[in-house]
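**Q** Quick one, query31.cif (mmCIF, C-alpha atoms):
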```cif
data_target
#
loop_
_atom_site.label_atom_id
_atom_site.label_comp_id
_atom_site.auth_asym_id
_atom_site.auth_seq_id
_atom_site.Cartn_x
_atom_site.Cartn_y
_atom_site.Cartn_z
CA MET A 1270 61.40 23.06 -29.85
CA LYS A 1271 58.10 24.38 -28.50
CA TYR A 1272 57.21 27.97 -29.42
CA SER A 1273 54.40 30.26 -28.35
CA ILE A 1274 53.56 33.57 -29.95
CA LEU A 1275 51.95 36.67 -28.46
CA VAL A 1276 50.22 39.08 -30.85
CA ASN A 1277 49.49 42.50 -29.32
CA GLU A 1278 48.19 44.49 -32.28
CA GLY A 1279 45.24 44.20 -34.61
CA PRO A 1280 45.43 43.55 -38.33
CA TYR A 1281 46.18 46.20 -40.99
CA THR A 1282 47.28 49.11 -38.76
CA HIS A 1283 50.51 47.61 -37.45
CA GLN A 1284 52.76 45.08 -39.15
CA ALA A 1285 52.89 43.05 -35.92
CA SER A 1286 50.17 40.62 -36.96
CA ASP A 1287 51.76 40.05 -40.40
CA SER A 1288 55.17 39.49 -38.83
CA ALA A 1289 53.68 37.06 -36.31
CA TYR A 1290 51.97 35.12 -39.11
CA GLN A 1291 55.15 34.86 -41.21
CA PHE A 1292 57.07 33.84 -38.09
CA ALA A 1293 54.48 31.18 -37.21
CA LYS A 1294 54.65 29.73 -40.73
CA ALA A 1295 58.46 29.58 -40.50
CA VAL A 1296 58.31 27.89 -37.09
CA LEU A 1297 56.13 25.15 -38.60
CA ALA A 1298 58.27 24.92 -41.76
CA LYS A 1299 61.31 24.28 -39.58
CA GLY A 1300 59.50 21.35 -37.96
CA HIS A 1301 59.02 22.99 -34.57
CA GLU A 1302 55.83 22.87 -32.53
CA ILE A 1303 53.58 25.84 -31.78
CA PHE A 1304 52.09 25.39 -28.33
CA ARG A 1305 49.79 28.39 -28.56
CA ILE A 1306 49.24 31.73 -30.27
CA PHE A 1307 47.76 34.26 -27.87
CA PHE A 1308 46.04 37.46 -28.96
CA TYR A 1309 46.01 40.36 -26.51
CA HIS A 1310 45.34 44.12 -26.50
CA ASP A 1311 44.10 45.15 -29.98
CA GLY A 1312 45.49 41.81 -31.15
CA VAL A 1313 42.04 40.36 -30.42
CA ASN A 1314 40.84 42.14 -33.58
CA ASN A 1315 42.66 39.47 -35.58
CA ALA A 1316 39.77 37.20 -34.64
CA THR A 1317 36.76 38.92 -36.19
CA ARG A 1318 35.29 36.97 -39.10
CA LEU A 1319 33.54 40.14 -40.32
CA THR A 1320 36.79 41.46 -41.81
CA THR A 1321 36.39 42.23 -45.51
CA PRO A 1322 39.59 43.59 -47.07
CA PRO A 1323 39.72 44.54 -50.77
CA GLN A 1324 40.23 41.54 -53.06
CA ASP A 1325 43.82 42.46 -53.93
CA ASP A 1326 44.82 42.63 -50.27
CA ARG A 1327 45.66 39.77 -47.92
CA ASN A 1328 42.87 38.54 -45.67
CA ILE A 1329 44.69 38.46 -42.36
CA VAL A 1330 41.87 36.85 -40.40
CA ASN A 1331 41.21 34.05 -42.92
CA ARG A 1332 44.95 33.46 -43.12
CA TRP A 1333 45.10 32.84 -39.38
CA SER A 1334 42.03 30.57 -39.51
CA LYS A 1335 43.54 28.49 -42.32
CA LEU A 1336 46.89 28.17 -40.56
CA ALA A 1337 45.08 26.96 -37.44
CA GLU A 1338 43.07 24.44 -39.43
CA ASP A 1339 46.03 23.12 -41.41
CA HIS A 1340 48.24 22.69 -38.37
CA LYS A 1341 45.73 22.15 -35.56
CA LEU A 1342 46.94 25.30 -33.79
CA ASP A 1343 45.60 26.57 -30.49
CA MET A 1344 44.77 30.24 -31.08
CA VAL A 1345 43.47 31.98 -27.98
CA VAL A 1346 41.89 35.41 -27.72
CA CYS A 1347 42.03 37.09 -24.30
CA VAL A 1348 38.50 37.30 -22.91
CA ALA A 1349 38.87 40.63 -21.10
CA ALA A 1350 40.52 42.29 -24.10
CA ALA A 1351 37.90 40.73 -26.41
CA GLN A 1352 34.96 41.94 -24.32
CA ARG A 1353 36.35 45.48 -24.37
CA ARG A 1354 36.70 45.40 -28.15
CA GLY A 1355 33.58 43.49 -29.13
CA ILE A 1356 34.96 40.11 -30.15
CA VAL A 1357 32.17 37.70 -29.29
CA ASP A 1358 31.56 33.95 -29.47
CA GLU A 1359 28.28 32.19 -28.64
CA GLY A 1360 29.07 31.76 -24.98
CA GLU A 1361 30.03 35.40 -24.58
CA ALA A 1362 26.96 36.55 -26.54
CA LYS A 1363 24.70 34.56 -24.21
CA ARG A 1364 26.46 35.75 -21.05
CA ASN A 1365 26.48 39.40 -22.03
CA GLY A 1366 23.16 39.59 -23.89
CA LYS A 1367 24.61 40.37 -27.33
CA ASP A 1368 22.62 39.74 -30.50
CA ALA A 1369 25.53 38.63 -32.68
CA THR A 1370 28.80 36.74 -32.69
CA ASN A 1371 31.90 37.41 -34.78
CA LEU A 1372 34.65 35.03 -33.64
CA ALA A 1373 36.42 33.60 -36.68
CA PRO A 1374 37.00 29.83 -37.05
CA GLY A 1375 40.11 28.46 -35.37
CA PHE A 1376 40.05 30.98 -32.52
CA ARG A 1377 38.75 30.46 -29.01
CA ILE A 1378 38.14 32.96 -26.23
CA SER A 1379 39.75 32.29 -22.87
CA GLY A 1380 41.55 33.92 -19.97
CA LEU A 1381 44.99 35.41 -19.49
CA GLY A 1382 46.00 32.26 -17.64
CA GLN A 1383 46.41 30.75 -21.11
CA LEU A 1384 49.16 33.28 -21.85
CA VAL A 1385 50.97 32.60 -18.59
CA GLU A 1386 50.61 28.86 -19.20
CA ALA A 1387 52.10 29.34 -22.67
CA GLY A 1388 55.08 31.05 -21.03
CA ILE A 1389 55.48 28.16 -18.61
CA GLN A 1390 54.98 25.30 -21.08
CA SER A 1391 56.90 26.66 -24.08
CA ASP A 1392 60.63 26.79 -24.64
CA ARG A 1393 60.26 30.22 -26.24
CA LEU A 1394 57.63 32.96 -26.19
CA VAL A 1395 57.96 35.59 -28.90
CA THR A 1396 56.02 38.87 -28.73
CA PHE A 1397 54.87 40.89 -31.73
CA GLY A 1398 53.47 44.32 -31.00
CA ASP A 1399 53.86 48.05 -31.43
CA MET B 785 53.77 23.30 -11.37
CA THR B 786 56.94 24.53 -13.01
CA ILE B 787 58.03 27.89 -11.67
CA LYS B 788 59.65 30.18 -14.18
CA LYS B 789 61.14 33.62 -13.83
CA PHE B 790 58.75 36.05 -15.53
CA MET B 791 59.98 39.57 -16.16
CA PHE B 792 57.56 42.27 -17.23
CA VAL B 793 59.36 45.12 -18.92
CA ASN B 794 57.34 48.33 -18.77
CA ARG B 795 58.52 51.08 -21.08
CA LYS B 796 55.29 52.93 -21.79
CA ALA B 797 53.45 55.70 -19.97
CA PRO B 798 49.97 55.04 -18.58
CA TYR B 799 46.63 56.29 -20.02
CA GLY B 800 47.97 57.40 -23.42
CA THR B 801 47.85 53.74 -24.42
CA VAL B 802 46.31 50.70 -22.74
CA TYR B 803 49.55 48.70 -22.45
CA ALA B 804 50.38 49.61 -18.85
CA LEU B 805 46.94 48.62 -17.58
CA GLU B 806 46.64 45.40 -19.54
CA SER B 807 50.23 44.44 -18.69
CA LEU B 808 49.37 44.75 -15.02
CA GLU B 809 46.53 42.28 -15.56
CA VAL B 810 49.02 39.69 -16.84
CA VAL B 811 51.27 40.36 -13.85
CA LEU B 812 48.43 39.50 -11.48
CA ILE B 813 47.63 36.29 -13.35
CA ALA B 814 51.30 35.25 -13.41
CA ALA B 815 51.40 35.84 -9.66
CA ALA B 816 48.22 33.75 -9.25
CA PHE B 817 50.06 30.96 -11.12
CA GLU B 818 52.75 31.30 -8.42
CA GLN B 819 55.47 32.24 -10.87
CA ASP B 820 58.63 34.11 -9.90
CA VAL B 821 57.50 37.55 -11.07
CA SER B 822 59.55 40.73 -11.45
CA LEU B 823 58.73 44.08 -12.99
CA ALA B 824 61.17 46.43 -14.64
CA PHE B 825 60.32 50.05 -15.30
CA LEU B 826 62.37 52.05 -17.73
CA ASP B 827 61.94 54.89 -20.19
CA ASP B 828 58.36 56.28 -20.01
CA GLY B 829 57.38 53.17 -18.04
CA VAL B 830 58.55 54.94 -14.87
CA TYR B 831 55.60 57.33 -15.29
CA GLN B 832 53.32 54.41 -14.42
CA LEU B 833 54.59 54.64 -10.84
CA LYS B 834 54.30 58.42 -10.45
CA LYS B 835 52.03 58.94 -7.47
CA GLY B 836 48.91 61.07 -7.41
CA HIS B 837 47.07 59.87 -10.50
CA SER B 838 43.65 61.50 -10.66
CA THR B 839 41.76 60.34 -13.73
CA LYS B 840 38.32 61.79 -13.10
CA GLY B 841 38.74 64.36 -15.84
CA ILE B 842 39.58 61.81 -18.53
CA GLU B 843 36.96 59.30 -17.33
CA MET B 844 39.43 56.42 -17.30
CA LYS B 845 40.05 53.93 -14.54
CA ALA B 846 43.00 54.90 -12.35
CA PHE B 847 45.11 51.86 -11.60
CA GLU B 848 47.78 53.37 -9.39
CA LYS B 849 46.35 51.43 -6.45
CA THR B 850 47.02 48.13 -8.21
CA TYR B 851 50.77 48.72 -7.93
CA GLY B 852 50.30 49.09 -4.19
CA ALA B 853 48.34 45.84 -4.11
CA LEU B 854 51.06 43.83 -5.86
CA GLU B 855 52.60 43.08 -2.49
CA ASP B 856 49.45 41.15 -1.52
CA TYR B 857 50.16 38.88 -4.49
CA ASP B 858 53.76 38.41 -3.32
CA VAL B 859 55.04 40.53 -6.18
CA THR B 860 57.75 42.57 -4.50
CA LYS B 861 60.49 42.74 -7.12
CA LEU B 862 60.01 46.12 -8.74
CA PHE B 863 63.10 47.48 -10.43
CA VAL B 864 63.40 51.02 -11.73
CA ASP B 865 66.02 52.42 -14.07
CA GLU B 866 67.92 55.28 -12.42
CA GLU B 867 68.60 57.13 -15.67
CA SER B 868 64.97 57.01 -16.76
CA LEU B 869 63.92 58.60 -13.45
CA ALA B 870 66.59 61.29 -13.69
CA ALA B 871 65.72 62.10 -17.32
CA ARG B 872 62.14 62.78 -16.21
CA GLY B 873 63.00 64.87 -13.17
CA LEU B 874 61.72 62.19 -10.81
CA THR B 875 63.09 60.60 -7.65
CA THR B 876 61.82 57.62 -5.65
CA ASP B 877 59.91 60.11 -3.47
CA ASP B 878 57.63 60.68 -6.46
CA LEU B 879 56.73 57.01 -6.78
CA CYS B 880 53.64 55.32 -5.36
CA VAL B 881 55.39 52.12 -4.22
CA PRO B 882 58.78 51.09 -2.83
CA VAL B 883 61.15 50.05 -5.61
CA GLU B 884 64.75 49.06 -6.12
CA VAL B 885 66.58 51.63 -8.23
CA MET B 886 69.42 50.43 -10.39
CA SER B 887 71.47 51.41 -13.43
CA ARG B 888 70.45 50.42 -16.96
CA VAL B 889 73.31 47.96 -17.12
CA GLN B 890 72.24 46.28 -13.87
CA LEU B 891 68.68 46.18 -15.14
CA GLY B 892 69.86 44.58 -18.36
CA LYS B 893 71.68 41.87 -16.42
CA MET B 894 68.54 41.29 -14.39
CA ILE B 895 66.50 40.85 -17.58
CA GLU B 896 69.14 38.52 -19.00
CA ASP B 897 68.62 36.22 -16.03
CA GLN B 898 64.91 35.56 -16.80
CA ASP B 899 63.09 32.63 -18.38
CA VAL B 900 60.26 34.63 -19.93
CA VAL B 901 60.44 38.33 -20.81
CA LEU B 902 57.18 40.08 -21.61
CA SER B 903 57.15 43.67 -22.78
CA PHE B 904 54.03 45.53 -23.69
CA MET C 574 69.33 37.09 -25.18
CA LEU C 575 67.88 37.86 -28.58
CA ASN C 576 66.80 41.51 -28.65
CA ILE C 577 64.14 42.21 -31.26
CA VAL C 578 63.77 45.86 -32.29
CA ASN C 579 60.92 46.89 -34.57
CA LYS C 580 61.06 50.69 -34.43
CA SER C 581 62.97 53.24 -36.49
CA PRO C 582 65.65 54.78 -34.23
CA LEU C 583 64.65 58.23 -35.47
CA ASP C 584 61.07 57.72 -34.28
CA ARG C 585 61.43 55.98 -30.93
CA GLY C 586 64.04 55.24 -28.31
CA SER C 587 63.70 51.44 -28.45
CA LEU C 588 67.07 50.88 -30.10
CA ASP C 589 68.82 53.29 -27.73
CA SER C 590 67.33 51.58 -24.69
CA CYS C 591 68.23 48.17 -26.06
CA LEU C 592 71.81 49.21 -26.79
CA GLN C 593 72.22 50.78 -23.35
CA ALA C 594 70.50 48.19 -21.21
CA ALA C 595 70.84 44.83 -22.93
CA ASP C 596 73.63 42.64 -21.67
CA GLY C 597 75.02 41.66 -25.08
CA GLY C 598 73.79 38.79 -27.21
CA ALA C 599 72.14 39.51 -30.53
CA ILE C 600 69.96 42.24 -31.98
CA LEU C 601 67.48 41.39 -34.72
CA LEU C 602 65.98 44.37 -36.55
CA ILE C 603 62.52 43.76 -37.97
CA GLU C 604 59.72 45.92 -39.43
CA ASP C 605 60.68 49.64 -39.15
CA GLY C 606 63.65 48.59 -37.04
CA VAL C 607 65.56 47.73 -40.23
CA TYR C 608 66.01 51.45 -40.98
CA ALA C 609 68.56 51.53 -38.15
CA ALA C 610 71.00 49.53 -40.26
CA THR C 611 70.93 51.87 -43.26
CA LYS C 612 74.41 52.96 -44.34
CA GLY C 613 75.18 56.56 -43.45
CA SER C 614 72.24 56.87 -41.03
CA ALA C 615 72.24 57.89 -37.37
CA GLY C 616 71.15 54.34 -36.56
CA GLU C 617 74.21 52.86 -38.22
CA ALA C 618 76.42 55.12 -36.10
CA LYS C 619 74.72 53.87 -32.93
CA LEU C 620 75.03 50.24 -33.95
CA LYS C 621 78.69 50.74 -34.84
CA ALA C 622 79.36 52.47 -31.52
CA ALA C 623 78.07 49.37 -29.74
CA GLY C 624 80.99 47.58 -31.40
CA SER C 625 81.17 43.86 -30.96
CA LYS C 626 78.88 43.78 -27.94
CA PHE C 627 76.01 42.50 -30.11
CA LYS C 628 75.74 40.26 -33.12
CA LEU C 629 73.60 42.15 -35.61
CA TYR C 630 70.84 40.73 -37.79
CA ALA C 631 68.07 42.24 -39.88
CA LEU C 632 65.05 40.63 -41.47
CA GLY C 633 65.73 40.68 -45.22
CA ALA C 634 62.06 40.77 -46.22
CA ASP C 635 61.52 43.94 -44.20
CA ALA C 636 64.61 45.63 -45.68
CA GLU C 637 63.53 44.64 -49.21
CA ALA C 638 59.98 45.86 -48.65
CA ARG C 639 61.36 49.27 -47.70
CA GLY C 640 63.81 49.48 -50.61
CA ILE C 641 66.89 49.52 -48.42
CA ALA C 642 68.20 45.94 -48.73
CA ASP C 643 71.13 47.18 -50.87
CA ARG C 644 72.03 49.83 -48.29
CA MET C 645 72.56 47.63 -45.27
CA MET C 646 75.63 48.48 -43.20
CA ASP C 647 78.65 46.20 -43.08
CA GLY C 648 78.69 43.68 -40.27
CA ILE C 649 74.99 42.93 -40.31
CA THR C 650 73.59 39.57 -41.41
CA LEU C 651 70.31 39.45 -43.30
CA VAL C 652 68.03 36.57 -42.35
CA ASP C 653 64.69 35.26 -43.61
CA TYR C 654 61.79 34.25 -41.32
CA GLU C 655 63.27 30.77 -40.87
CA GLY C 656 66.53 32.44 -39.86
CA PHE C 657 64.47 34.46 -37.35
CA VAL C 658 63.12 31.17 -35.93
CA ASP C 659 66.68 29.82 -35.66
CA LEU C 660 67.85 32.95 -33.83
CA VAL C 661 65.04 32.55 -31.30
CA ALA C 662 66.03 28.90 -30.79
CA GLU C 663 69.72 29.72 -30.40
CA HIS C 664 69.14 32.18 -27.54
CA ASN C 665 67.68 31.19 -24.19
CA THR C 666 65.28 34.12 -24.12
CA CYS C 667 64.11 36.87 -26.39
CA GLN C 668 62.83 40.33 -25.70
CA SER C 669 60.83 42.52 -28.03
CA TRP C 670 61.74 46.16 -27.39
CA LEU C 671 58.29 47.48 -28.27
#
```
What is this structure when it is put down as structure tokens?

**A**
Amino acid sequence: MKYSILVNEGPYTHQASDSAYQFAKAVLAKGHEIFRIFFYHDGVNNATRLTTPPQDDRNIVNRWSKLAEDHKLDMVVCVAAAQRRGIVDEGEAKRNGKDATNLAPGFRISGLGQLVEAGIQSDRLVTFGD
Amino acid sequence: MTIKKFMFVNRKAPYGTVYALESLEVVLIAAAFEQDVSLAFLDDGVYQLKKGHSTKGIEMKAFEKTYGALEDYDVTKLFVDEESLAARGLTTDDLCVPVEVMSRVQLGKMIEDQDVVLSF
Amino acid sequence: MLNIVNKSPLDRGSLDSCLQAADGGAILLIEDGVYAATKGSAGEAKLKAAGSKFKLYALGADAEARGIADRMMDGITLVDYEGFVDLVAEHNTCQSWL
């Protein structure tokens, strides 16, 4: 079965991102496919590589990046939500005249159409939020 | 393209959090993808439709007009929970767009009938 | 329909709205939603009042994290994350009552 996941909250404040990660791992463990993980609202904050949690805490961002690398996942950050919250890749930095980028590996920035497409193409879309 | 029934369930008030505004952005994209889009408003979500928003004082973008523009995107299925309106002292006269008012149970059946349910 | 509730019933109205509006199916309590299934709580009374309209599940890891796994009400099934995935698969749609 083809799953997509929508993450609406950032890391550390709400459990939503942790729950989504555990759910994604279980989807893969059960042998299902993940079509896409879409990050919206404050969920885009899951994609900043500048995150530095204390050593005894989980690194939510790195965890996502590794999951994407291990399973060739498509993790998409909403461009409008990302611009509002300062999540920047090279293309966005160039377009908007920013002097830095912070998009973590495994993520890409794209439009909301990617979320709607995930709804159309997947058998199930599961939302994690507040 | 496959056409699916997308239901957007709105249960949160506007301005206090960003969900109402950013949810509306997804609605417009889903409509642009020519999906079968409906919106349900219940609980504090009905406050999104209260007419007369004037956001100058809080320096935030008022998006009341976007609800009025939904018709231009062929989004005409707006369902409002009767009990949520009553609990907030509102009637359809207080709302900025025409809606179909129904009971919670009817609304639940409507949601049950969807392919994709998005709630923000 | 799989209804996913992640809020304590004493904090927000998500569970109430779900119980009143949802057209049956299953309810999965996750995150702070698991508090609803605590024995002797107001949430338990609401879930019991819904009778057999819904099949009830709670995410075991969330109940354990909160120290209430041994206080779960009768009639609720604890699942792990893989069980969560199965529940999503078994129902045609799911709704998160955020």

**Q** Taking all atoms listed in the file into account, which residues of chain A are within 10 Å of chain C, as a PyMOL selection string?

**A** chain A and resi 1270-1272+1283-1285+1287-1289+1291-1299+1301+1392-1399

**Q** Could you write out the selected residues, including C-alpha atoms, as a PDB file, keeping the file's coordinate frame?

**A**
```
ATOM      1  CA  MET A1270      61.400  23.060 -29.850  1.00  0.00           C
ATOM      2  CA  LYS A1271      58.100  24.380 -28.500  1.00  0.00           C
ATOM      3  CA  TYR A1272      57.210  27.970 -29.420  1.00  0.00           C
ATOM      4  CA  HIS A1283      50.510  47.610 -37.450  1.00  0.00           C
ATOM      5  CA  GLN A1284      52.760  45.080 -39.150  1.00  0.00           C
ATOM      6  CA  ALA A1285      52.890  43.050 -35.920  1.00  0.00           C
ATOM      7  CA  ASP A1287      51.760  40.050 -40.400  1.00  0.00           C
ATOM      8  CA  SER A1288      55.170  39.490 -38.830  1.00  0.00           C
ATOM      9  CA  ALA A1289      53.680  37.060 -36.310  1.00  0.00           C
ATOM     10  CA  GLN A1291      55.150  34.860 -41.210  1.00  0.00           C
ATOM     11  CA  PHE A1292      57.070  33.840 -38.090  1.00  0.00           C
ATOM     12  CA  ALA A1293      54.480  31.180 -37.210  1.00  0.00           C
ATOM     13  CA  LYS A1294      54.650  29.730 -40.730  1.00  0.00           C
ATOM     14  CA  ALA A1295      58.460  29.580 -40.500  1.00  0.00           C
ATOM     15  CA  VAL A1296      58.310  27.890 -37.090  1.00  0.00           C
ATOM     16  CA  LEU A1297      56.130  25.150 -38.600  1.00  0.00           C
ATOM     17  CA  ALA A1298      58.270  24.920 -41.760  1.00  0.00           C
ATOM     18  CA  LYS A1299      61.310  24.280 -39.580  1.00  0.00           C
ATOM     19  CA  HIS A1301      59.020  22.990 -34.570  1.00  0.00           C
ATOM     20  CA  ASP A1392      60.630  26.790 -24.640  1.00  0.00           C
ATOM     21  CA  ARG A1393      60.260  30.220 -26.240  1.00  0.00           C
ATOM     22  CA  LEU A1394      57.630  32.960 -26.190  1.00  0.00           C
ATOM     23  CA  VAL A1395      57.960  35.590 -28.900  1.00  0.00           C
ATOM     24  CA  THR A1396      56.020  38.870 -28.730  1.00  0.00           C
ATOM     25  CA  PHE A1397      54.870  40.890 -31.730  1.00  0.00           C
ATOM     26  CA  GLY A1398      53.470  44.320 -31.000  1.00  0.00           C
ATOM     27  CA  ASP A1399      53.860  48.050 -31.430  1.00  0.00           C
TER      28      ASP A1399
END
```

**Q** Name the residues captured by the PyMOL selection byres ((chain B) within 12 of (chain A)) when it is applied to the shown file; answer as a short mmCIF file (atom, residue, chain, number, x, y, z; two decimals) with C-alpha atoms, keeping the file's coordinate frame.

**A**
```
data_model
loop_
_atom_site.label_atom_id
_atom_site.label_comp_id
_atom_site.auth_asym_id
_atom_site.auth_seq_id
_atom_site.Cartn_x
_atom_site.Cartn_y
_atom_site.Cartn_z
CA MET B 785 53.77 23.30 -11.37
CA THR B 786 56.94 24.53 -13.01
CA ILE B 787 58.03 27.89 -11.67
CA LYS B 788 59.65 30.18 -14.18
CA LYS B 789 61.14 33.62 -13.83
CA PHE B 790 58.75 36.05 -15.53
CA MET B 791 59.98 39.57 -16.16
CA PHE B 792 57.56 42.27 -17.23
CA ARG B 795 58.52 51.08 -21.08
CA LYS B 796 55.29 52.93 -21.79
CA THR B 801 47.85 53.74 -24.42
CA VAL B 802 46.31 50.70 -22.74
CA TYR B 803 49.55 48.70 -22.45
CA ALA B 804 50.38 49.61 -18.85
CA LEU B 805 46.94 48.62 -17.58
CA GLU B 806 46.64 45.40 -19.54
CA SER B 807 50.23 44.44 -18.69
CA LEU B 808 49.37 44.75 -15.02
CA GLU B 809 46.53 42.28 -15.56
CA VAL B 810 49.02 39.69 -16.84
CA VAL B 811 51.27 40.36 -13.85
CA LEU B 812 48.43 39.50 -11.48
CA ILE B 813 47.63 36.29 -13.35
CA ALA B 814 51.30 35.25 -13.41
CA ALA B 815 51.40 35.84 -9.66
CA ALA B 816 48.22 33.75 -9.25
CA PHE B 817 50.06 30.96 -11.12
CA GLU B 818 52.75 31.30 -8.42
CA GLN B 819 55.47 32.24 -10.87
CA ASP B 820 58.63 34.11 -9.90
CA VAL B 821 57.50 37.55 -11.07
CA GLN B 898 64.91 35.56 -16.80
CA ASP B 899 63.09 32.63 -18.38
CA VAL B 900 60.26 34.63 -19.93
CA VAL B 901 60.44 38.33 -20.81
CA LEU B 902 57.18 40.08 -21.61
CA SER B 903 57.15 43.67 -22.78
CA PHE B 904 54.03 45.53 -23.69
#
```

**Q** Env of Ala609 (chain C): 10 Å cut, atoms = only C-alpha atoms, seq-sep filter 2 positions within chain, self excluded. Answer as number ranges by chain.

**A** C: 578-583, 588, 602-603, 605-607, 611-620, 631, 645-646

**Q** Just checking: using only C-alpha atoms, which residue out of C:Gly640, C:Gly633, C:Gly586, C:Gly648 ends up closest to chain B?

**A**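 Going through C:Gly640, C:Gly633, C:Gly586, C:Gly648 one by one, the smallest distance to chain B is for C:Gly586.
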
**Q** Distance cut-off 6 Å, counting all atoms listed in the file - which residues of chain C neighbour chain B? Return them as a ChimeraX atom specification.

**A** /C:594-596,668

**Q** Rounded to one decimal in Å, what is the spacing between CA of Asn1315 (chain A) and CA of Ile1356 (chain A)?

**A**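 A separation of 9.4 Å between them.
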
**Q** Taking the file as shown, what set of residues would the PyMOL selection byres ((chain B and resi 846-857) around 8) give back, as an mmCIF file with C-alpha atoms, in the frame of the given file?

**A**
```cif
data_model
loop_
_atom_site.group_PDB
_atom_site.id
_atom_site.type_symbol
_atom_site.label_atom_id
_atom_site.label_comp_id
_atom_site.auth_asym_id
_atom_site.auth_seq_id
_atom_site.Cartn_x
_atom_site.Cartn_y
_atom_site.Cartn_z
ATOM 1 C CA LEU B 805 46.940 48.620 -17.580
ATOM 2 C CA LEU B 808 49.370 44.750 -15.020
ATOM 3 C CA LEU B 812 48.430 39.500 -11.480
ATOM 4 C CA ALA B 815 51.400 35.840 -9.660
ATOM 5 C CA ALA B 816 48.220 33.750 -9.250
ATOM 6 C CA GLN B 832 53.320 54.410 -14.420
ATOM 7 C CA LEU B 833 54.590 54.640 -10.840
ATOM 8 C CA LYS B 835 52.030 58.940 -7.470
ATOM 9 C CA HIS B 837 47.070 59.870 -10.500
ATOM 10 C CA SER B 838 43.650 61.500 -10.660
ATOM 11 C CA THR B 839 41.760 60.340 -13.730
ATOM 12 C CA MET B 844 39.430 56.420 -17.300
ATOM 13 C CA LYS B 845 40.050 53.930 -14.540
ATOM 14 C CA ASP B 858 53.760 38.410 -3.320
ATOM 15 C CA VAL B 859 55.040 40.530 -6.180
ATOM 16 C CA THR B 860 57.750 42.570 -4.500
ATOM 17 C CA CYS B 880 53.640 55.320 -5.360
ATOM 18 C CA VAL B 881 55.390 52.120 -4.220
#
```

**Q** Pick out the residues sitting within 10 Å of Gly1360 (chain A), and hand them over as an MDAnalysis selection string; count all atoms listed in the file, and ignore anything fewer than 4 positions along from it in its own chain.

**A** chainID A and resid 1364:1367 1370 1378

**Q** Limited to C-alpha atoms, could you put the picked residues into a file as a short mmCIF file (atom, residue, chain, number, x, y, z; two decimals), in the coordinates of the input?

**A**
```
data_model
loop_
_atom_site.label_atom_id
_atom_site.label_comp_id
_atom_site.auth_asym_id
_atom_site.auth_seq_id
_atom_site.Cartn_x
_atom_site.Cartn_y
_atom_site.Cartn_z
CA ARG A 1364 26.46 35.75 -21.05
CA ASN A 1365 26.48 39.40 -22.03
CA GLY A 1366 23.16 39.59 -23.89
CA LYS A 1367 24.61 40.37 -27.33
CA THR A 1370 28.80 36.74 -32.69
CA ILE A 1378 38.14 32.96 -26.23
#
```
